[in-house]
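J.: Would you mind keeping the following structure in view while I ask a few things?
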Amino acid sequence: MRIPVGDLTFDAREYGDRAKRPALLLHGFPETGASWHDVAVRLADAGRYVIAPDQRGYSPDARPDGVEAYRIEELVADVVGMLDSLGLDAVDLVGHDWGAIVAWHVAVWHPARVRSLTAVSVPHPGAFGWALRHDADQKERSAYMQLLRQPDKAEDVLLADDARRLIAMFSGAADPTIVDRHLPVVGDRAALTGALNWYRAMTREFGDLGPVTVPTTFVWGNDDTAIGRVAAERCAQHVDGPYEFVELGVSHWVPEDDPDRLADEILAR
């Protein structure tokens with residue numbers, strides 16, 4: 001499907017009956033909405049309506065120029081705009097990796113639009129930001145972001161040698177075909193620049209964000225190479241509403257590693 005939002009148009013996948021309870025699933029880097037396929041099928045089979053868009057920079061017709069166009073305020077506005085365009089008052093909001101960062105912000109800034117929040121891999125920005133500042137392990141895990149924030153150099157490094165280093169980012173995934181789902185998009189330099197602009201536009205993402213009040217589940221894989229335990233366990237301090245922390249024995253790529261359990265947790269909300 002195609003979702004118009006202002007001057008942009010987002011490519012998206014939809015599953016299930018539009019009359020059913022809706023869920024919006026937000027992907028992370030360096031993936032696309034295809035990362036949600038296995039989860040979305042299970043949700044649709046359980047009677048939910050699911051939309052999984054390719055977000056700003058990933059969709060060809062939602063790829064504005066300039067780093068400023070990828071600030072968190074714009075990414076959040078995209079989500080609200082999608083809901084408006086689809087005529088949805090509120091959804092079960094699910095986000096993985098960068099999609100989780102956007103989802104945390106939507107839940108805090110627009111709680112009336114979020115029936116429930118399921119954040120995957122990346123905890124509340126307050127918890128992640130604290131770990132980035134105070135936990136040596138998390139600092140080491142996140143060192144890769146320094147490269148990703150460098151214009152042109154990151155694209156050159158990640159796409160060199162037939163995208164060898166970009167492909168290596170998927171290491172640890174239980175399904176080796178994960179690369180085939182996403183490389184046709186993020187292996188294109190223009191799309192990769194759009195995706196990397198999320199990192200380059202970072203300013204307040206890991207600073208002060210208020211507590212979440214909507215029912216929230218945080219799902220974390222304890223084999224995640226990007227997010228350590230300190231950040232994951234600190235997440236609870238930033239949720240005032242009903243909260244559940246789910247720890248799985250999988251990698252960072254939770255939606256593809258364990259779609260059955262993740263779908264169950266979304267449905268439980």
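Just remember, in the structure tokens the first chain shown is A, the second B, etc., residues are 1-based per chain, and ligands are 1-based in the order shown.
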Could you list, as a list in words, every residue within 9 Å of range 126-137 of chain A, counting only C-alpha atoms and ignoring same-chain residues fewer than 2 positions away?

T.: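 My list of contacting residues is Val122, Pro123, His124, Lys139, Glu140, Arg141, Ser142, Glu205, Phe206, Gly207, Asp208, Leu209, Gly210, Pro211, Ile227, Gly228, Val230, Ala231, Ala232, Glu233, Arg234, Cys235, Ala236, Gln237 and His238 of chain A.
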
J.: Write the selection just made, keeping N, CA, C and O atoms, as a compact mmCIF listing (two decimals), in the first residue's frame?

T.:
# COMPACT_ATOMS: atom_id res chain seq x y z
N VAL A 122 15.60 -1.58 21.78
CA VAL A 122 16.09 -0.31 22.31
C VAL A 122 15.14 0.18 23.40
O VAL A 122 13.95 0.41 23.15
N PRO A 123 15.65 0.39 24.62
CA PRO A 123 14.81 0.83 25.74
C PRO A 123 14.47 2.30 25.65
O PRO A 123 14.89 3.01 24.73
N HIS A 124 13.73 2.77 26.61
CA HIS A 124 13.38 4.20 26.69
C HIS A 124 14.66 5.03 26.53
O HIS A 124 15.71 4.71 27.09
N LYS A 139 28.94 2.05 26.21
CA LYS A 139 29.75 2.95 25.38
C LYS A 139 30.48 2.17 24.30
O LYS A 139 30.55 2.59 23.14
N GLU A 140 31.03 1.03 24.67
CA GLU A 140 31.76 0.20 23.69
C GLU A 140 30.81 -0.37 22.65
O GLU A 140 31.12 -0.39 21.46
N ARG A 141 29.65 -0.82 23.09
CA ARG A 141 28.67 -1.39 22.16
C ARG A 141 28.18 -0.36 21.14
O ARG A 141 27.84 -0.71 20.01
N SER A 142 28.12 0.90 21.56
CA SER A 142 27.55 1.94 20.70
C SER A 142 28.61 2.72 19.93
O SER A 142 28.27 3.68 19.23
N GLU A 205 17.52 12.72 21.13
CA GLU A 205 16.91 11.40 21.21
C GLU A 205 17.23 10.67 22.52
O GLU A 205 16.42 9.93 23.05
N PHE A 206 18.44 10.86 23.02
CA PHE A 206 18.85 10.14 24.21
C PHE A 206 18.99 11.09 25.40
O PHE A 206 19.72 10.83 26.34
N GLY A 207 18.28 12.20 25.33
CA GLY A 207 18.28 13.15 26.41
C GLY A 207 17.03 12.99 27.26
O GLY A 207 16.62 11.89 27.58
N ASP A 208 16.43 14.11 27.62
CA ASP A 208 15.27 14.08 28.50
C ASP A 208 14.00 13.81 27.69
O ASP A 208 13.60 14.60 26.85
N LEU A 209 13.39 12.69 27.96
CA LEU A 209 12.07 12.37 27.43
C LEU A 209 11.26 11.91 28.62
O LEU A 209 11.70 11.04 29.38
N GLY A 210 10.08 12.46 28.77
CA GLY A 210 9.27 12.15 29.95
C GLY A 210 8.88 10.69 30.03
O GLY A 210 9.14 9.90 29.11
N PRO A 211 8.24 10.31 31.11
CA PRO A 211 7.84 8.92 31.29
C PRO A 211 6.68 8.54 30.38
O PRO A 211 5.87 9.39 29.98
N ILE A 227 22.81 -3.46 22.44
CA ILE A 227 22.18 -2.96 23.67
C ILE A 227 22.50 -3.89 24.82
O ILE A 227 22.18 -5.08 24.79
N GLY A 228 23.13 -3.35 25.85
CA GLY A 228 23.52 -4.15 27.01
C GLY A 228 22.46 -4.21 28.08
O GLY A 228 21.44 -3.51 28.04
N VAL A 230 22.46 -3.19 31.25
CA VAL A 230 22.25 -2.00 32.09
C VAL A 230 21.15 -1.13 31.51
O VAL A 230 20.23 -0.71 32.21
N ALA A 231 21.24 -0.84 30.21
CA ALA A 231 20.23 -0.01 29.57
C ALA A 231 18.87 -0.71 29.57
O ALA A 231 17.83 -0.08 29.83
N ALA A 232 18.88 -2.01 29.30
CA ALA A 232 17.62 -2.75 29.23
C ALA A 232 16.89 -2.76 30.57
O ALA A 232 15.68 -2.50 30.64
N GLU A 233 17.61 -3.03 31.64
CA GLU A 233 16.95 -3.14 32.94
C GLU A 233 16.58 -1.78 33.51
O GLU A 233 15.68 -1.69 34.36
N ARG A 234 17.23 -0.74 33.07
CA ARG A 234 16.93 0.61 33.55
C ARG A 234 15.64 1.16 32.93
O ARG A 234 15.09 2.17 33.40
N CYS A 235 15.16 0.52 31.89
CA CYS A 235 13.98 1.00 31.16
C CYS A 235 12.78 1.17 32.08
O CYS A 235 12.01 2.13 31.94
N ALA A 236 12.61 0.30 33.04
CA ALA A 236 11.44 0.33 33.92
C ALA A 236 11.30 1.66 34.66
O ALA A 236 10.18 2.06 35.01
N GLN A 237 12.40 2.34 34.89
CA GLN A 237 12.37 3.60 35.62
C GLN A 237 11.67 4.72 34.84
O GLN A 237 11.39 5.78 35.41
N HIS A 238 11.42 4.49 33.55
CA HIS A 238 10.87 5.55 32.70
C HIS A 238 9.47 5.24 32.20
O HIS A 238 9.00 5.86 31.25

J.: Residues of range 97-160 of chain A within 12 Å of range 53-63 of chain A: nearest atom pair and distance (Å, one decimal) for each, counting only C-alpha atoms, sorted by chain and number, as JSON lines?

T.:
{"residue": "A:Trp98", "atom": "CA", "partner": "A:Gln55", "partner_atom": "CA", "distance": 10.3}
{"residue": "A:Gly99", "atom": "CA", "partner": "A:Gln55", "partner_atom": "CA", "distance": 8.8}
{"residue": "A:Val102", "atom": "CA", "partner": "A:Gln55", "partner_atom": "CA", "distance": 10.6}

J.: Mind checking which residues fall within 7 Å of range 149-153 of chain A, counting only C-alpha atoms, ignoring those fewer than 6 positions away in the same chain, and posting them as a JSON list (two decimals) with C-alpha atoms, in the first residue's frame?

T.:
[["chain", "number", "residue", "atom", "x", "y", "z"],
["A", 196, "LEU", "CA", 22.05, 7.15, 8.03],
["A", 199, "TYR", "CA", 21.94, 9.08, 13.12],
["A", 200, "ARG", "CA", 23.30, 12.36, 11.77]]

J.: If you count only C-alpha atoms, which residues fall within 10 Å of Glu68 in chain A, apart from same-chain ones fewer than 5 positions away, as a ChimeraX atom specification?

T.: /A:73-74,197-198,200-202

J.: Generate a file of the selected residues that holds C-alpha atoms, formatted as a compact mmCIF listing (two decimals), in the first residue's frame.

T.:
# COMPACT_ATOMS: atom_id res chain seq x y z
CA GLU A 73 10.35 15.63 15.46
CA GLU A 74 9.95 14.83 11.75
CA ASN A 197 20.61 10.65 8.27
CA TRP A 198 18.62 9.40 11.26
CA ARG A 200 23.30 12.36 11.77
CA ALA A 201 20.26 14.31 12.90
CA MET A 202 20.46 13.03 16.48

J.: Write out as an mmCIF file with C-alpha atoms, in the first residue's frame the residues lying within 7 Å of Thr118 in chain A, counting only C-alpha atoms and excluding same-chain residues fewer than 2 positions away.

T.:
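This went into out_13.cif:
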data_model
loop_
_atom_site.group_PDB
_atom_site.id
_atom_site.type_symbol
_atom_site.label_atom_id
_atom_site.label_comp_id
_atom_site.auth_asym_id
_atom_site.auth_seq_id
_atom_site.Cartn_x
_atom_site.Cartn_y
_atom_site.Cartn_z
ATOM 1 C CA LEU A 93 2.405 0.803 18.335
ATOM 2 C CA VAL A 94 5.420 -1.474 17.902
ATOM 3 C CA GLY A 95 8.969 -0.397 17.158
ATOM 4 C CA SER A 116 -0.297 0.118 23.729
ATOM 5 C CA VAL A 120 11.874 -4.001 20.907
ATOM 6 C CA THR A 216 4.135 -0.828 27.679
ATOM 7 C CA THR A 217 6.135 -3.965 26.984
ATOM 8 C CA PHE A 218 9.879 -3.854 26.402
ATOM 9 C CA ILE A 266 2.019 -7.679 21.256
#

J.: Using only C-alpha atoms, can you tell me which of A:Gly249, A:Gly194, A:Gly33, A:Pro4 comes closest to Asn222 in chain A?

T.: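 That would be A:Gly249, the residue with the smallest distance to Asn222 in chain A.
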
J.: For each of A:Pro111, A:Pro242, A:Gly6, A:Gly172, take the minimum atom-to-atom distance to Asp257 in chain A, counting only C-alpha atoms, then give the residue where this is smallest.

T.: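 Of A:Pro111, A:Pro242, A:Gly6, A:Gly172, the one nearest Asp257 in chain A is A:Gly172, counting only C-alpha atoms.
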
J.: Which residue out of A:Asp17, A:Asp188, A:Asp89, A:Asp175 has the minimum interatomic distance to Ser251 in chain A when only C-alpha atoms are used?

T.: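 For Ser251 in chain A, the nearest of the candidates is A:Asp175.
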
J.: Pull the strand (DSSP E or B) assignments for range 31-180 of chain A out of DSSP run on the backbone, and list those residues as a VMD selection string.

T.: chain A and resid 48 to 53 91 to 96 114 to 120

J.: Could you dump the residues just selected with all heavy atoms as a short mmCIF file (atom, residue, chain, number, x, y, z; two decimals), in the first residue's frame?

T.:
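Result file follows (again-v2.cif):
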data_model
loop_
_atom_site.label_atom_id
_atom_site.label_comp_id
_atom_site.auth_asym_id
_atom_site.auth_seq_id
_atom_site.Cartn_x
_atom_site.Cartn_y
_atom_site.Cartn_z
N ARG A 48 -5.89 -9.17 13.93
CA ARG A 48 -5.46 -7.78 13.96
C ARG A 48 -5.24 -7.26 12.54
O ARG A 48 -4.95 -8.02 11.63
CB ARG A 48 -4.17 -7.61 14.77
CG ARG A 48 -4.28 -8.06 16.22
CD ARG A 48 -5.19 -7.15 17.04
NE ARG A 48 -5.32 -7.64 18.42
CZ ARG A 48 -4.51 -7.29 19.41
NH1 ARG A 48 -3.52 -6.44 19.16
NH2 ARG A 48 -4.69 -7.76 20.60
N TYR A 49 -5.35 -5.94 12.39
CA TYR A 49 -4.99 -5.28 11.14
C TYR A 49 -3.62 -4.65 11.34
O TYR A 49 -3.39 -3.92 12.31
CB TYR A 49 -6.02 -4.22 10.78
CG TYR A 49 -5.64 -3.35 9.60
CD1 TYR A 49 -5.32 -3.92 8.37
CD2 TYR A 49 -5.58 -1.96 9.72
CE1 TYR A 49 -4.97 -3.13 7.29
CE2 TYR A 49 -5.24 -1.17 8.64
CZ TYR A 49 -4.93 -1.76 7.43
OH TYR A 49 -4.57 -0.98 6.36
N VAL A 50 -2.70 -4.91 10.43
CA VAL A 50 -1.30 -4.53 10.64
C VAL A 50 -0.79 -3.72 9.46
O VAL A 50 -1.00 -4.08 8.29
CB VAL A 50 -0.42 -5.78 10.82
CG1 VAL A 50 1.03 -5.38 11.09
CG2 VAL A 50 -0.95 -6.66 11.95
N ILE A 51 -0.08 -2.62 9.77
CA ILE A 51 0.60 -1.81 8.76
C ILE A 51 2.07 -1.76 9.13
O ILE A 51 2.42 -1.46 10.27
CB ILE A 51 0.04 -0.38 8.70
CG1 ILE A 51 -1.49 -0.38 8.58
CG2 ILE A 51 0.67 0.39 7.55
CD1 ILE A 51 -2.20 -0.11 9.89
N ALA A 52 2.94 -2.05 8.15
CA ALA A 52 4.39 -2.02 8.37
C ALA A 52 5.03 -1.16 7.29
O ALA A 52 5.34 -1.65 6.20
CB ALA A 52 4.97 -3.43 8.36
N PRO A 53 5.22 0.13 7.55
CA PRO A 53 5.76 1.02 6.52
C PRO A 53 7.27 0.96 6.40
O PRO A 53 7.97 0.60 7.35
CB PRO A 53 5.32 2.40 7.02
CG PRO A 53 5.33 2.26 8.52
CD PRO A 53 4.87 0.85 8.78
N VAL A 91 -3.53 3.20 17.82
CA VAL A 91 -3.04 1.89 17.39
C VAL A 91 -2.22 1.25 18.50
O VAL A 91 -1.76 1.91 19.43
CB VAL A 91 -2.14 2.00 16.13
CG1 VAL A 91 -2.93 2.46 14.93
CG2 VAL A 91 -0.95 2.90 16.40
N ASP A 92 -2.03 -0.05 18.38
CA ASP A 92 -0.98 -0.73 19.12
C ASP A 92 0.31 -0.41 18.36
O ASP A 92 0.48 -0.81 17.21
CB ASP A 92 -1.23 -2.23 19.15
CG ASP A 92 -2.49 -2.59 19.94
OD1 ASP A 92 -2.56 -2.19 21.12
OD2 ASP A 92 -3.39 -3.24 19.37
N LEU A 93 1.19 0.33 18.99
CA LEU A 93 2.40 0.80 18.33
C LEU A 93 3.57 -0.09 18.72
O LEU A 93 3.82 -0.34 19.90
CB LEU A 93 2.70 2.24 18.74
CG LEU A 93 3.84 2.95 18.03
CD1 LEU A 93 3.58 3.05 16.52
CD2 LEU A 93 4.05 4.35 18.62
N VAL A 94 4.30 -0.56 17.69
CA VAL A 94 5.42 -1.47 17.90
C VAL A 94 6.62 -0.92 17.17
O VAL A 94 6.51 -0.48 16.01
CB VAL A 94 5.09 -2.89 17.37
CG1 VAL A 94 6.22 -3.86 17.72
CG2 VAL A 94 3.75 -3.38 17.94
N GLY A 95 7.77 -0.90 17.81
CA GLY A 95 8.97 -0.40 17.16
C GLY A 95 10.18 -1.22 17.53
O GLY A 95 10.34 -1.63 18.68
N HIS A 96 11.04 -1.45 16.55
CA HIS A 96 12.30 -2.16 16.77
C HIS A 96 13.46 -1.24 16.44
O HIS A 96 13.44 -0.53 15.44
CB HIS A 96 12.37 -3.41 15.89
CG HIS A 96 13.69 -4.11 15.94
ND1 HIS A 96 14.53 -4.19 14.85
CD2 HIS A 96 14.34 -4.73 16.96
CE1 HIS A 96 15.64 -4.84 15.18
NE2 HIS A 96 15.54 -5.18 16.46
N VAL A 114 -1.85 6.15 21.02
CA VAL A 114 -1.18 4.87 21.28
C VAL A 114 -2.00 4.05 22.27
O VAL A 114 -2.09 4.39 23.46
CB VAL A 114 0.24 5.09 21.83
CG1 VAL A 114 0.94 3.74 22.07
CG2 VAL A 114 1.06 5.94 20.85
N ARG A 115 -2.59 2.98 21.79
CA ARG A 115 -3.35 2.09 22.67
C ARG A 115 -2.42 1.28 23.55
O ARG A 115 -2.69 1.08 24.74
CB ARG A 115 -4.23 1.17 21.81
CG ARG A 115 -5.10 0.22 22.60
CD ARG A 115 -5.99 -0.60 21.68
NE ARG A 115 -7.04 0.22 21.09
CZ ARG A 115 -7.91 -0.24 20.18
NH1 ARG A 115 -7.82 -1.48 19.75
NH2 ARG A 115 -8.83 0.56 19.69
N SER A 116 -1.33 0.81 22.97
CA SER A 116 -0.30 0.12 23.73
C SER A 116 1.02 0.30 22.99
O SER A 116 1.04 0.57 21.78
CB SER A 116 -0.61 -1.38 23.88
OG SER A 116 -0.43 -2.06 22.64
N LEU A 117 2.12 0.16 23.72
CA LEU A 117 3.45 0.28 23.15
C LEU A 117 4.23 -1.01 23.39
O LEU A 117 4.29 -1.48 24.53
CB LEU A 117 4.21 1.45 23.78
CG LEU A 117 5.70 1.55 23.45
CD1 LEU A 117 5.92 1.85 21.97
CD2 LEU A 117 6.37 2.63 24.31
N THR A 118 4.80 -1.54 22.31
CA THR A 118 5.75 -2.65 22.43
C THR A 118 7.05 -2.18 21.80
O THR A 118 7.14 -2.02 20.58
CB THR A 118 5.25 -3.93 21.75
OG1 THR A 118 3.98 -4.30 22.29
CG2 THR A 118 6.24 -5.06 21.96
N ALA A 119 8.04 -1.92 22.64
CA ALA A 119 9.35 -1.48 22.17
C ALA A 119 10.29 -2.67 22.17
O ALA A 119 10.32 -3.44 23.13
CB ALA A 119 9.90 -0.38 23.07
N VAL A 120 11.05 -2.81 21.09
CA VAL A 120 11.87 -4.00 20.91
C VAL A 120 13.34 -3.60 20.75
O VAL A 120 13.67 -2.75 19.92
CB VAL A 120 11.41 -4.81 19.68
CG1 VAL A 120 12.17 -6.13 19.59
CG2 VAL A 120 9.90 -5.07 19.74
#

J.: My list of candidates is A:Gly187, A:Tyr243, A:Ser121, A:Ala112. Which is closest to Arg165 in chain A when distances are computed with only C-alpha atoms?

T.: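 Distance minimum relative to Arg165 in chain A lands on A:Gly187.
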
J.: Applying 9 Å and only C-alpha atoms, which residues near Val80 in chain A remain after dropping the ones on its own chain fewer than 4 positions away? List them as an MDAnalysis selection string.

T.: chainID A and resid 76 84:85 106 110 113

J.: Rounded to one decimal in Å, what is the spacing between CA of Met1 in chain A and CA of Glu14 in chain A?

T.: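 Separation between CA of Met1 in chain A and CA of Glu14 in chain A: 6.8 Å.
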
J.: Find the residues around Glu256 in chain A up to 12 Å (only C-alpha atoms counted), leave out those fewer than 4 positions away in its own chain, and share them as a ChimeraX atom specification.

T.: /A:27,31,33-40,96,120,170,172-179,181,221,250-252,260-263

J.: Go through range 40-163 of chain A and collect every residue that DSSP, computed from the backbone, puts in alpha helix (DSSP H); the answer should be as a PyMOL selection string.

T.: chain A and resi 40-45+72-86+98-109+125-134+136-141+145-148+153-163

J.: Counting only C-alpha atoms, which residue out of A:Leu159, A:Ala100, A:Ala69, A:Met145 sits closest to Trp220 in chain A?

T.: A:Ala100

J.: Could you jot down the CA of Pro22 in chain A to CA of Thr213 in chain A separation for me, Å, one decimal place?

T.: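 Atom-to-atom, CA of Pro22 in chain A to CA of Thr213 in chain A, that is 19.7 Å.
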